[in-house]
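Here the structure is laid out as structure tokens; the discussion comes afterwards.
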Amino acid sequence: MGKKHFMMGNEALAEAAVRAGCRFYGGYPITPSTEIIEYLSKRMPEVGGICLQSESELAAINMVAGASSVGTRAMTASTGLGISLMCEGLSNLAALELPAVIVNNSRGGPGSGHLGPSQGDYFQATKGGGHGEYRQIVLAPSTVQEMADLTMLAFHLADLHRTPVTILGDSLIAHLMETVEFRDPPTGPLPAKDWLITGAKGRPAIKLIMADVPEQHRIGAEETFEKMVLNLQEKFARIAAQEVRVETQGLEDADLIMVAFGSVARLVKQAMAEARKDGIRVGLIRPITLWPYPTETVAQAAEKGVPMLVVELSSGQMVEDVRATVQGRVPVHFFGRTGGMLPTPGEILDQIRRAANTRATA
């Protein structure tokens, strides 16, 4: 067993990034992600890396693109309103197939919102906050240990699939302190980076472009651009088939299935334990990848005819994906808190009892 550390979620994420080989960080300080740049400002020089405070989020995401284009594992971090400013850059990263890791420790919105925990950036992360037809892998940690583990995984997946990967946390998990053990980063073959912009001595120049069409000829080049988009869609289909990650508990005998992700799943688990003591057999589906979403797991659960209760720190976003997957085969109940308010395990337990009673009287 390795050495255990008592760390804040943001610090564990930053240290894991360094251990995963990240050597460039560009970001603008913003609550609740500021501790990441504070930690890396000290840690990066120790390993020969670079940590830069950018003048804006727009600059940060383009710094990351530049670092990635020369083969450096690169990362930035912000919160929802900062990620909004990065969306054009995110779309470009996906189009250019540049690997990068983006951390969104979300807080409430819309607008500048509040500093409390929120999961209201689910749509932004999973549906593509930027323009065009692109997807990105989205990982949702629920513990400080997962802040570390999923950060290491994020860098591996970004290189494996040449794609941006978002870690979607919130201000609760970012500032929570727990013990964490730093494990070895994921291993396995990665594709050669034969696309790097590293000079052209002795070889033809390499250009990172979205489609092989001269700028002046872009009008009338629809077939070329369609081919580019279709190639990306083929890649996204491969990712969807290979990279689904989900935790399940107690689905075998469940009278009610909870669906929750991230920090709120911790509260759901406490309520589930109490419900089982009361004789209500509650199961859990916890998506770890929010995209690709574990639709097969949800669909298989629906085939058993067991109703579901979705709990989110929002007015209802992931619940739309659950309902779309279930297609009316079972009732899908919803409970959400907003404004930075966390549901208590007792409040969730009350919702469990209501949902269970609904099934009993149906």
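Just remember, in the structure tokens the first chain shown is A, the second B, etc., residues are 1-based per chain, and ligands are 1-based in the order shown.
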
What lies within 9 Å of Ala125 (chain A) using only C-alpha atoms, ignoring chain neighbours under 6 positions off, as a list of chain:residue names? A:Asn104, A:Arg135, A:Gln136, A:Ile137, A:Val138, A:Thr166, A:Leu168, A:Leu290, A:Trp291

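Close contacts of Ile83 (chain A), defined as residues with an atom at most 10 Å away when counting only C-alpha atoms, with chain neighbours fewer than 5 positions off set aside, comprise Glu57, Leu58, Ile61, Thr76, Ala77, Ser78, Glu88, Gly89, Leu90, Ile102, Val103, Asn104, Asn105, Ser106, Asp121, Gln124, Ala125, Gly129 and Gly130 of chain A.
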
Neighbour list for region 333-346 of chain A as a PyMOL selection string, cut-off 7 Å, only C-alpha atoms, skip fewer than 5 positions in-chain: chain A and resi 108+116-118+267-268+270-271+308-316

So that I can see what lies close to Phe123 (chain A), please list as a list in words the residues with an atom at most 10 Å from it, counting only C-alpha atoms and leaving out residues fewer than 6 positions away in the same chain. Gly129, Gln317, Met318 and Glu320 of chain A

Same residues, N, CA and C atoms, saved as a PDB file, in the first residue's frame:
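Dumped everything to selection.pdb:
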```
ATOM      1  N   GLY A 129     -20.409  22.690 -25.211  1.00  0.00           N
ATOM      2  CA  GLY A 129     -20.706  24.094 -24.958  1.00  0.00           C
ATOM      3  C   GLY A 129     -20.355  24.996 -26.118  1.00  0.00           C
ATOM      4  N   GLN A 317     -31.006  18.277 -15.227  1.00  0.00           N
ATOM      5  CA  GLN A 317     -30.284  18.221 -16.492  1.00  0.00           C
ATOM      6  C   GLN A 317     -29.983  16.771 -16.873  1.00  0.00           C
ATOM      7  N   MET A 318     -29.217  16.056 -16.034  1.00  0.00           N
ATOM      8  CA  MET A 318     -28.959  14.650 -16.342  1.00  0.00           C
ATOM      9  C   MET A 318     -30.257  13.861 -16.440  1.00  0.00           C
ATOM     10  N   GLU A 320     -32.784  14.415 -17.992  1.00  0.00           N
ATOM     11  CA  GLU A 320     -33.251  14.345 -19.380  1.00  0.00           C
ATOM     12  C   GLU A 320     -32.639  13.157 -20.111  1.00  0.00           C
TER      13      GLU A 320
END
```

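Between CA of His131 (chain A) and CA of Leu115 (chain A) the separation is 27.0 Å.
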
Enumerate as a ChimeraX atom specification all residues of region 266-342 of chain A assigned to strand (DSSP E or B) by DSSP on the backbone, naming them with the chain letters and numbers the document uses. /A:282-287,289-291,308-312,332-336

Writer output for current selection, N, CA and C atoms, as a PDB file, in the first residue's frame:
```pdb
ATOM      1  N   VAL A 282     -32.912  -0.227  -2.199  1.00  0.00           N
ATOM      2  CA  VAL A 282     -32.548   0.846  -3.132  1.00  0.00           C
ATOM      3  C   VAL A 282     -31.239   0.489  -3.823  1.00  0.00           C
ATOM      4  N   GLY A 283     -31.196   0.652  -5.139  1.00  0.00           N
ATOM      5  CA  GLY A 283     -29.978   0.458  -5.910  1.00  0.00           C
ATOM      6  C   GLY A 283     -29.447   1.789  -6.412  1.00  0.00           C
ATOM      7  N   LEU A 284     -28.271   1.749  -7.009  1.00  0.00           N
ATOM      8  CA  LEU A 284     -27.622   2.975  -7.472  1.00  0.00           C
ATOM      9  C   LEU A 284     -26.971   2.774  -8.827  1.00  0.00           C
ATOM     10  N   ILE A 285     -27.162   3.754  -9.701  1.00  0.00           N
ATOM     11  CA  ILE A 285     -26.356   3.896 -10.921  1.00  0.00           C
ATOM     12  C   ILE A 285     -25.634   5.227 -10.808  1.00  0.00           C
ATOM     13  N   ARG A 286     -24.299   5.175 -10.740  1.00  0.00           N
ATOM     14  CA  ARG A 286     -23.508   6.409 -10.660  1.00  0.00           C
ATOM     15  C   ARG A 286     -22.651   6.524 -11.915  1.00  0.00           C
ATOM     16  N   PRO A 287     -23.043   7.361 -12.863  1.00  0.00           N
ATOM     17  CA  PRO A 287     -22.188   7.565 -14.035  1.00  0.00           C
ATOM     18  C   PRO A 287     -20.854   8.198 -13.624  1.00  0.00           C
ATOM     19  N   THR A 289     -18.373   8.357 -16.262  1.00  0.00           N
ATOM     20  CA  THR A 289     -18.288   9.124 -17.508  1.00  0.00           C
ATOM     21  C   THR A 289     -19.674   9.697 -17.772  1.00  0.00           C
ATOM     22  N   LEU A 290     -19.757  11.012 -17.807  1.00  0.00           N
ATOM     23  CA  LEU A 290     -21.023  11.657 -18.169  1.00  0.00           C
ATOM     24  C   LEU A 290     -21.185  11.689 -19.679  1.00  0.00           C
ATOM     25  N   TRP A 291     -20.074  11.722 -20.401  1.00  0.00           N
ATOM     26  CA  TRP A 291     -20.039  11.336 -21.810  1.00  0.00           C
ATOM     27  C   TRP A 291     -18.734  10.605 -22.041  1.00  0.00           C
ATOM     28  N   MET A 308     -37.145   4.862 -11.086  1.00  0.00           N
ATOM     29  CA  MET A 308     -35.871   5.513 -10.818  1.00  0.00           C
ATOM     30  C   MET A 308     -36.094   6.872 -10.160  1.00  0.00           C
ATOM     31  N   LEU A 309     -35.117   7.270  -9.371  1.00  0.00           N
ATOM     32  CA  LEU A 309     -35.107   8.584  -8.735  1.00  0.00           C
ATOM     33  C   LEU A 309     -33.766   9.237  -9.036  1.00  0.00           C
ATOM     34  N   VAL A 310     -33.789  10.328  -9.784  1.00  0.00           N
ATOM     35  CA  VAL A 310     -32.577  11.059 -10.148  1.00  0.00           C
ATOM     36  C   VAL A 310     -32.412  12.223  -9.182  1.00  0.00           C
ATOM     37  N   VAL A 311     -31.220  12.353  -8.604  1.00  0.00           N
ATOM     38  CA  VAL A 311     -30.923  13.442  -7.677  1.00  0.00           C
ATOM     39  C   VAL A 311     -29.768  14.248  -8.252  1.00  0.00           C
ATOM     40  N   GLU A 312     -29.949  15.566  -8.370  1.00  0.00           N
ATOM     41  CA  GLU A 312     -28.919  16.441  -8.933  1.00  0.00           C
ATOM     42  C   GLU A 312     -28.858  17.750  -8.167  1.00  0.00           C
ATOM     43  N   VAL A 332     -39.734   7.953 -13.834  1.00  0.00           N
ATOM     44  CA  VAL A 332     -38.464   8.580 -13.465  1.00  0.00           C
ATOM     45  C   VAL A 332     -38.789   9.797 -12.609  1.00  0.00           C
ATOM     46  N   HIS A 333     -38.522   9.697 -11.300  1.00  0.00           N
ATOM     47  CA  HIS A 333     -38.751  10.797 -10.373  1.00  0.00           C
ATOM     48  C   HIS A 333     -37.497  11.668 -10.326  1.00  0.00           C
ATOM     49  N   PHE A 334     -37.678  12.899  -9.879  1.00  0.00           N
ATOM     50  CA  PHE A 334     -36.538  13.819  -9.811  1.00  0.00           C
ATOM     51  C   PHE A 334     -36.576  14.623  -8.527  1.00  0.00           C
ATOM     52  N   PHE A 335     -35.374  14.831  -7.966  1.00  0.00           N
ATOM     53  CA  PHE A 335     -35.208  15.716  -6.812  1.00  0.00           C
ATOM     54  C   PHE A 335     -33.938  16.522  -7.009  1.00  0.00           C
ATOM     55  N   GLY A 336     -34.055  17.821  -6.973  1.00  0.00           N
ATOM     56  CA  GLY A 336     -32.883  18.674  -7.155  1.00  0.00           C
ATOM     57  C   GLY A 336     -32.869  19.824  -6.181  1.00  0.00           C
TER      58      GLY A 336
END
```

Taking a cut-off of 10 Å and counting only C-alpha atoms, can you build a table that, for each residue of region 171-204 of chain A near region 253-265 of chain A, reports the nearest atom pair and how far apart they are in Å (one decimal), sorted by chain then residue number, as JSON lines?
```
{"residue": "A:Ser171", "atom": "CA", "partner": "A:Ser263", "partner_atom": "CA", "distance": 9.4}
{"residue": "A:Leu172", "atom": "CA", "partner": "A:Ser263", "partner_atom": "CA", "distance": 7.0}
{"residue": "A:Ile173", "atom": "CA", "partner": "A:Ser263", "partner_atom": "CA", "distance": 6.1}
{"residue": "A:Ala174", "atom": "CA", "partner": "A:Ser263", "partner_atom": "CA", "distance": 9.7}
{"residue": "A:Leu176", "atom": "CA", "partner": "A:Ser263", "partner_atom": "CA", "distance": 9.9}
```

Which residues, written as a PyMOL selection string, have at least one atom at most 12 Å from Ala299 (chain A), with only C-alpha atoms counted and residues fewer than 3 positions away on the same chain left out? chain A and resi 257+285+293-296+302-308+321-330

Convert the current residue selection to file output with N, CA and C atoms, as a compact mmCIF listing (two decimals), in the first residue's frame.
```
# COMPACT_ATOMS: atom_id res chain seq x y z
N ILE A 257 -34.32 2.55 -8.04
CA ILE A 257 -32.94 2.78 -8.48
C ILE A 257 -32.65 4.27 -8.47
N ILE A 285 -27.16 3.75 -9.70
CA ILE A 285 -26.36 3.90 -10.92
C ILE A 285 -25.63 5.23 -10.81
N TYR A 293 -22.22 8.45 -21.95
CA TYR A 293 -23.14 8.16 -20.85
C TYR A 293 -23.43 6.66 -20.78
N PRO A 294 -23.60 6.11 -19.59
CA PRO A 294 -23.87 4.67 -19.47
C PRO A 294 -25.32 4.33 -19.82
N THR A 295 -25.71 4.61 -21.04
CA THR A 295 -27.10 4.39 -21.45
C THR A 295 -27.49 2.92 -21.36
N GLU A 296 -26.57 2.01 -21.69
CA GLU A 296 -26.90 0.58 -21.65
C GLU A 296 -27.23 0.14 -20.24
N ALA A 302 -34.02 -0.37 -16.65
CA ALA A 302 -35.41 -0.04 -16.96
C ALA A 302 -36.18 -1.28 -17.41
N GLU A 303 -35.49 -2.21 -18.06
CA GLU A 303 -36.15 -3.42 -18.53
C GLU A 303 -36.71 -4.26 -17.38
N LYS A 304 -36.19 -4.07 -16.17
CA LYS A 304 -36.68 -4.81 -15.00
C LYS A 304 -37.94 -4.17 -14.40
N GLY A 305 -38.34 -3.02 -14.95
CA GLY A 305 -39.56 -2.39 -14.48
C GLY A 305 -39.43 -1.66 -13.16
N VAL A 306 -38.20 -1.33 -12.75
CA VAL A 306 -37.97 -0.68 -11.47
C VAL A 306 -37.95 0.83 -11.67
N PRO A 307 -38.76 1.59 -10.91
CA PRO A 307 -38.73 3.05 -11.05
C PRO A 307 -37.40 3.64 -10.63
N MET A 308 -37.14 4.86 -11.09
CA MET A 308 -35.87 5.51 -10.82
C MET A 308 -36.09 6.87 -10.16
N ASP A 321 -31.37 12.87 -19.84
CA ASP A 321 -30.73 11.71 -20.47
C ASP A 321 -31.31 10.41 -19.93
N VAL A 322 -31.62 10.38 -18.64
CA VAL A 322 -32.22 9.18 -18.05
C VAL A 322 -33.59 8.93 -18.68
N ARG A 323 -34.41 9.97 -18.77
CA ARG A 323 -35.75 9.81 -19.34
C ARG A 323 -35.69 9.44 -20.82
N ALA A 324 -34.73 10.00 -21.55
CA ALA A 324 -34.59 9.66 -22.96
C ALA A 324 -34.19 8.20 -23.13
N THR A 325 -33.38 7.70 -22.20
CA THR A 325 -32.94 6.30 -22.28
C THR A 325 -34.06 5.35 -21.87
N VAL A 326 -34.78 5.70 -20.82
CA VAL A 326 -35.85 4.85 -20.29
C VAL A 326 -37.03 4.77 -21.25
N GLN A 327 -37.31 5.85 -21.97
CA GLN A 327 -38.37 5.91 -22.98
C GLN A 327 -39.73 5.52 -22.41
N GLY A 328 -40.01 5.98 -21.20
CA GLY A 328 -41.32 5.78 -20.62
C GLY A 328 -41.60 4.41 -20.06
N ARG A 329 -40.59 3.51 -20.06
CA ARG A 329 -40.84 2.15 -19.58
C ARG A 329 -41.04 2.09 -18.08
N VAL A 330 -40.42 3.02 -17.33
CA VAL A 330 -40.61 3.08 -15.89
C VAL A 330 -40.73 4.54 -15.49
```

Determine which residues of region 232-360 of chain A receive a DSSP assignment of helix (DSSP H, G or I), computed from the backbone, and state them as a PyMOL selection string. chain A and resi 232-242+262-277+295-303+318-326+345-360

Please provide the set of residues having any atom within 12 Å of Glu46 (chain A), restricted to only C-alpha atoms, with same-chain residues fewer than 5 positions apart removed, written as a PyMOL selection string. chain A and resi 15+18-19+23+39-41+51

Can you tell me which residues surround Pro29 (chain A) at a distance of at most 8 Å, considering only C-alpha atoms, apart from same-chain residues fewer than 5 positions away, and format the answer as a PyMOL selection string? chain A and resi 34+37+53+78

Enter the distance from CA of Arg73 (chain A) to CA of Gln119 (chain A), in Å, rounded to one decimal. 27.1 Å
